[in-house]
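Written out below as structure tokens is the structure these notes cover.
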Amino acid sequence: MIRAALSVLLLAFAAASAAAQITGPLNAATPQLKSQVTVSGDLVRIGDLFTNAGAAAAMPVFRAPDLGQTGALSAERVLEAVLSHGLVVVDAGGITEVSVTRAARVIAADDIQERIARTLTARYALGEPKNLKVTFDRDVRPIELEPSVTAELGVARMGYDTTTRRFDLTFELGDAGTRRAWRYTGTAMETVEVAVPNRTLARGDVVKAADITIERRPKADLQNEPLAPPTEVIGLAARRAVRAGQPLRVADVMKPEIVQKNETVTLQYTVPGIVLTMRGQALESGAEGDAVSVLNAQSKRTVQGVVTGPGRITVSSTSARLASKADEPRH
């Protein structure tokens with residue numbers, strides 16, 4: 001139970017009356033009350049509460065809060081407690097309340113989750129710990145230990161069902177006489193990062209950063225087709241309609257088509273030292289770098305070219321010769 005306030009140890013203590021003020025001449029060696037105190041054990045001593053406490057410094061006067069907790073004492077209560085131990089002349093410095101914190105080595109809930117992920121991935125080949133989503137059956141509280149305890153948690157028992165993805169793991173610390181154990185149960189599944197559209201993408205829509213959210217999804221649910229790398233989808237176009245919330249796969253995206261079927265294009269012939277430009281009609285759509293068929297508007301011949309820019313198709317000398325030979329009559 002966490003105590004909201006500190007309880008007084010029943011030591012050799014005789015309560016002083018309110019009229020018995022702790023007064024006297026002050027000097028540099030006069031014990032001075034502290035407003036904030038941190039202790040590492042389960043007792044609060046006079047030396048924790050006062051500087052220059054002298055021979056009385058080791059005398060315990062209060063029980064400390066629970067590990068990691070903070071309690072408050074009124075200055076009047078502190079002064080009454082130390083009066084019977086010879087501290088008659090002290091300097092309270094105008095302090096009315098003393099805050100006492102019990103120091104602790106804290107293993108946070110996030111750290112516990114990371115330890116479980118590392119343990120499960122090492123034993124059951126579940127990929128990298130950062131890709132393992134761990135869900136607990138109940139809230140995980142931090143583990144609070146004495147600051148002097150430096151040993152690491154050990155795994156006392158561990159089980160994992162690869163079908164249900166449920167785990168049951170127990171950490172322990174200490175020897176047979178002081179052993180403490182913490183048991184955790186829940187589910188753990190390997191996940192992958194996916195790019196998920198936050199709106200429906202129509203065929204040809206160019207994917208913008210505002211169109212997608214990077215999420216983690218269970219790997220086992222995404223085995224059918226290769227996923228599109230989340231960092232590479234920006235600037236690509238939808239090859240087909242994609243619903244909002246549906247992870248993007250490789251087959252869903254393509255380079256944006258910068259030449260459309262039946263579009264009037266600039267047809268550029270290149271031969272060593274010469275560049276000829278004329279008009280043509282694209283017979284199919286294509287992205288930059290795609291080979292497409294195009295009708296030469298002047299010769300009425302179909303040639304193969306490469307999309308080199310919006311509305312521009314380049315035909316090399318080799319492609320032109322091949323197209324020309326293909327149009328020659330056969331005997």
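Letters for chains follow the order of the structure tokens (A, B, ...), residue numbers begin at 1 for each chain, and ligand numbers begin at 1 in the order shown.
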
With 6 Å as the cut-off and only C-alpha atoms counted, what is the closest atom pair between each nearby residue of region 98-177 of chain A and region 185-196 of chain A? Distances in Å to one decimal, ordered by chain and number, as CSV.
```
residue,atom,partner,partner_atom,distance
A:Asn131,CA,A:Thr191,CA,5.2
A:Leu132,CA,A:Glu190,CA,4.5
A:Lys133,CA,A:Met189,CA,5.4
A:Val134,CA,A:Ala188,CA,4.4
A:Thr135,CA,A:Thr187,CA,5.2
A:Phe136,CA,A:Gly186,CA,4.2
A:Asp137,CA,A:Gly186,CA,4.9
A:Arg165,CA,A:Thr187,CA,5.4
A:Arg166,CA,A:Thr187,CA,4.3
A:Phe167,CA,A:Thr185,CA,5.6
A:Asp168,CA,A:Thr185,CA,4.5
```

Selection from above, C-alpha atoms, as a PDB file, in the first residue's frame, can you write it?
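Generated file (result01.pdb):
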```pdb
ATOM      1  CA  ASN A 131       8.859  -5.168 -35.155  1.00  0.00           C
ATOM      2  CA  LEU A 132       7.151  -7.198 -32.434  1.00  0.00           C
ATOM      3  CA  LYS A 133       3.854  -5.808 -31.162  1.00  0.00           C
ATOM      4  CA  VAL A 134       3.348  -6.854 -27.542  1.00  0.00           C
ATOM      5  CA  THR A 135      -0.113  -6.525 -25.972  1.00  0.00           C
ATOM      6  CA  PHE A 136      -0.643  -7.337 -22.293  1.00  0.00           C
ATOM      7  CA  ASP A 137      -3.708  -8.873 -20.668  1.00  0.00           C
ATOM      8  CA  ARG A 165       0.527 -15.786 -30.578  1.00  0.00           C
ATOM      9  CA  ARG A 166       0.007 -15.844 -26.809  1.00  0.00           C
ATOM     10  CA  PHE A 167       2.941 -15.629 -24.402  1.00  0.00           C
ATOM     11  CA  ASP A 168       3.362 -16.383 -20.700  1.00  0.00           C
TER      12      ASP A 168
END
```

Taking only C-alpha atoms into account, which of A:Ser40, A:Gln281, A:Thr314, A:Thr101 comes nearest Gln260 (chain A)?
->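 Checking each candidate against Gln260 (chain A), we get A:Gln281 as the closest.
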
Which residues are near Val90 (chain A)? Cut-off 6 Å, only C-alpha atoms, ignore same chain within fewer than 6 positions. Put them as a CSV table (one decimal) with N, CA and C atoms, in the first residue's frame.
```
chain,number,residue,atom,x,y,z
A,30,THR,N,25.0,25.7,13.1
A,30,THR,CA,23.7,25.4,13.5
A,30,THR,C,23.0,24.4,12.5
A,31,PRO,N,22.4,23.3,13.0
A,31,PRO,CA,21.6,22.4,12.1
A,31,PRO,C,20.6,23.2,11.3
A,32,GLN,N,20.5,23.0,10.0
A,32,GLN,CA,19.6,23.7,9.2
A,32,GLN,C,18.6,22.7,8.5
```

Find, counting only C-alpha atoms, the residue in A:Met278, A:Ala53, A:Pro226, A:Ala237 that gets nearest to Val88 (chain A).
->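 Result for the nearest residue to Val88 (chain A): A:Ala53.
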
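For Val44 (chain A), the non-local neighbours within 7 Å, defined as residues at least 4 positions apart in the same chain or in other chains and counting only C-alpha atoms, are Val39, Asp48, Pro60, Val61, Phe62, Arg63 and Ala64 of chain A.
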
Write the residues of the selection above to a file with C-alpha atoms, as an mmCIF file, in the first residue's frame.
```cif
data_model
loop_
_atom_site.group_PDB
_atom_site.id
_atom_site.type_symbol
_atom_site.label_atom_id
_atom_site.label_comp_id
_atom_site.auth_asym_id
_atom_site.auth_seq_id
_atom_site.Cartn_x
_atom_site.Cartn_y
_atom_site.Cartn_z
ATOM 1 C CA VAL A 39 16.564 8.763 1.151
ATOM 2 C CA ASP A 48 18.708 13.356 6.092
ATOM 3 C CA PRO A 60 16.216 7.374 12.694
ATOM 4 C CA VAL A 61 13.066 9.391 13.380
ATOM 5 C CA PHE A 62 10.575 8.508 10.628
ATOM 6 C CA ARG A 63 9.738 5.613 8.370
ATOM 7 C CA ALA A 64 10.362 6.399 4.690
#
```

What's the 9 Å shell around region 152-164 of chain A, counting only C-alpha atoms, without same-chain residues fewer than 5 positions away, as a VMD selection string?
-> chain A and resid 119 to 120 124 169 to 174 181 183 187 to 189

Apply DSSP to the structure's backbone, then extract all residues of region 28-276 of chain A labelled strand (DSSP E) and return them as a ChimeraX atom specification.
-> /A:32-33,36-39,43-45,50-51,60-63,70-74,97-102,105-107,132-136,143-145,154-161,166-173,180-197,212-218,237-238,253-254,257-259,264-271,274-276

Prev. selection, C-alpha atoms, output as a short mmCIF file (atom, residue, chain, number, x, y, z; two decimals), in the first residue's frame:
```
data_model
loop_
_atom_site.label_atom_id
_atom_site.label_comp_id
_atom_site.auth_asym_id
_atom_site.auth_seq_id
_atom_site.Cartn_x
_atom_site.Cartn_y
_atom_site.Cartn_z
CA GLN A 32 19.59 23.68 9.17
CA LEU A 33 16.31 22.13 8.07
CA GLN A 36 13.44 18.46 0.14
CA VAL A 37 14.97 15.15 1.16
CA THR A 38 15.79 11.94 -0.76
CA VAL A 39 16.56 8.76 1.15
CA LEU A 43 14.17 4.97 7.45
CA VAL A 44 14.53 8.76 7.55
CA ARG A 45 17.37 9.88 9.79
CA PHE A 50 19.23 18.59 8.65
CA THR A 51 22.67 19.75 7.63
CA PRO A 60 16.22 7.37 12.69
CA VAL A 61 13.07 9.39 13.38
CA PHE A 62 10.58 8.51 10.63
CA ARG A 63 9.74 5.61 8.37
CA THR A 70 7.10 10.92 -1.93
CA GLY A 71 5.57 11.98 1.37
CA ALA A 72 5.25 15.30 3.20
CA LEU A 73 5.94 16.30 6.82
CA SER A 74 5.14 19.57 8.53
CA GLU A 97 6.85 21.55 5.08
CA VAL A 98 9.47 18.94 4.23
CA SER A 99 9.12 16.69 1.17
CA VAL A 100 10.70 13.25 1.53
CA THR A 101 11.27 10.96 -1.48
CA ARG A 102 12.29 7.30 -1.31
CA ARG A 105 15.73 1.88 -9.28
CA VAL A 106 12.72 1.95 -11.58
CA ILE A 107 12.22 -0.41 -14.51
CA LEU A 132 7.15 -7.20 -32.43
CA LYS A 133 3.85 -5.81 -31.16
CA VAL A 134 3.35 -6.85 -27.54
CA THR A 135 -0.11 -6.53 -25.97
CA PHE A 136 -0.64 -7.34 -22.29
CA ILE A 143 9.06 -2.42 -11.19
CA GLU A 144 10.63 -0.47 -8.30
CA LEU A 145 13.76 -1.82 -6.63
CA GLY A 154 16.24 -13.19 -15.17
CA VAL A 155 13.73 -15.30 -17.10
CA ALA A 156 12.29 -17.92 -14.77
CA ARG A 157 9.69 -19.31 -17.19
CA MET A 158 8.64 -18.59 -20.76
CA GLY A 159 6.09 -19.98 -23.18
CA TYR A 160 4.81 -18.89 -26.59
CA ASP A 161 2.14 -20.40 -28.86
CA ARG A 166 0.01 -15.84 -26.81
CA PHE A 167 2.94 -15.63 -24.40
CA ASP A 168 3.36 -16.38 -20.70
CA LEU A 169 6.62 -15.09 -19.25
CA THR A 170 7.93 -14.68 -15.70
CA PHE A 171 10.90 -12.56 -14.66
CA GLU A 172 12.62 -13.10 -11.32
CA LEU A 173 15.27 -11.42 -9.23
CA ARG A 180 10.79 -11.76 -6.27
CA ALA A 181 8.90 -12.66 -9.43
CA TRP A 182 6.78 -10.78 -11.99
CA ARG A 183 4.52 -12.67 -14.39
CA TYR A 184 3.26 -11.22 -17.69
CA THR A 185 0.79 -12.69 -20.18
CA GLY A 186 -0.60 -11.41 -23.46
CA THR A 187 -0.06 -11.61 -27.21
CA ALA A 188 2.99 -10.88 -29.35
CA MET A 189 2.96 -10.72 -33.13
CA GLU A 190 5.50 -9.74 -35.77
CA THR A 191 4.52 -6.61 -37.69
CA VAL A 192 5.71 -4.77 -40.77
CA GLU A 193 5.52 -1.12 -41.77
CA VAL A 194 3.03 -0.43 -44.55
CA ALA A 195 1.89 2.65 -46.45
CA VAL A 196 -1.86 3.01 -46.02
CA PRO A 197 -3.87 5.51 -48.11
CA ILE A 212 -0.74 8.09 -46.81
CA THR A 213 -0.10 7.08 -43.23
CA ILE A 214 2.70 4.71 -42.19
CA GLU A 215 1.26 1.97 -39.98
CA ARG A 216 2.33 -1.35 -38.53
CA ARG A 217 0.22 -4.34 -39.52
CA PRO A 218 0.53 -8.06 -38.58
CA ALA A 237 0.83 6.66 -59.30
CA ALA A 238 -1.97 4.22 -58.54
CA VAL A 253 1.62 1.50 -57.85
CA MET A 254 3.65 2.46 -60.88
CA GLU A 257 2.18 7.96 -66.95
CA ILE A 258 3.40 11.15 -68.60
CA VAL A 259 2.24 10.12 -72.07
CA THR A 264 -0.38 14.20 -79.64
CA VAL A 265 3.28 14.01 -78.76
CA THR A 266 6.62 15.37 -79.88
CA LEU A 267 8.45 12.62 -81.73
CA GLN A 268 12.19 13.05 -81.57
CA TYR A 269 14.53 11.06 -83.84
CA THR A 270 18.14 10.93 -82.77
CA VAL A 271 21.05 9.81 -84.93
CA ILE A 274 21.42 14.95 -85.85
CA VAL A 275 18.13 15.42 -83.96
CA LEU A 276 14.87 15.48 -85.96
#
```

Would you work out the distance separating CA of Val140 (chain A) from CA of Asp66 (chain A), expressed in Å to one decimal?
->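 For CA of Val140 (chain A) relative to CA of Asp66 (chain A), the distance reads 18.4 Å.
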
Show which residues sit within 10 Å of Arg240 (chain A), as a PyMOL selection string. Count only C-alpha atoms, and ignore same-chain residues fewer than 4 positions away.
-> chain A and resi 201-205+251-254

Taking C-alpha atoms for each residue, export the selection above as an mmCIF file, in the first residue's frame.
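Result file part13.cif:
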```
data_model
loop_
_atom_site.group_PDB
_atom_site.id
_atom_site.type_symbol
_atom_site.label_atom_id
_atom_site.label_comp_id
_atom_site.auth_asym_id
_atom_site.auth_seq_id
_atom_site.Cartn_x
_atom_site.Cartn_y
_atom_site.Cartn_z
ATOM 1 C CA LEU A 201 -6.896 6.450 -54.855
ATOM 2 C CA ALA A 202 -8.218 6.358 -58.409
ATOM 3 C CA ARG A 203 -6.152 4.841 -61.199
ATOM 4 C CA GLY A 204 -3.464 7.319 -62.210
ATOM 5 C CA ASP A 205 -3.602 9.376 -58.998
ATOM 6 C CA ALA A 251 1.210 -4.207 -57.876
ATOM 7 C CA ASP A 252 -0.852 -1.178 -56.764
ATOM 8 C CA VAL A 253 1.619 1.504 -57.848
ATOM 9 C CA MET A 254 3.654 2.464 -60.880
#
```

Please report, as a list in words, each residue of region 195-273 of chain A to which DSSP assigns helix (DSSP H, G or I) when run on this structure's backbone.
-> Ala209, Ala210, Asp211, Lys219, Ala220, Asp221, Pro230, Thr231, Glu232, Val250, Ala251 and Asp252 of chain A

Pick from A:Gly280, A:Ala209, A:Pro147, A:Leu49: nearest to Ser299 (chain A), with only C-alpha atoms counted?
->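 Of all the options, A:Gly280 lies closest to Ser299 (chain A).
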
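Shortest atom-to-atom contact with Leu126 (chain A) among A:Ala151, A:Ile46, A:Ala220, A:Leu236: A:Ala220, counting only C-alpha atoms.
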
Distance CA of Ala75 (chain A)-CA of Glu146 (chain A), one decimal place?
->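 Taking CA of Ala75 (chain A) as the start and CA of Glu146 (chain A) as the end point, the length is 27.2 Å.
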
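Distance check against Val82 (chain A) using only C-alpha atoms: of A:Val233, A:Ala291, A:Met59, A:Ala297, the minimum falls on A:Met59.
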
What is the distance between CA of Val306 (chain A) and CA of Ala228 (chain A), in Å to one decimal?
->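 Spanning CA of Val306 (chain A) to CA of Ala228 (chain A) is a straight-line distance of 25.4 Å.
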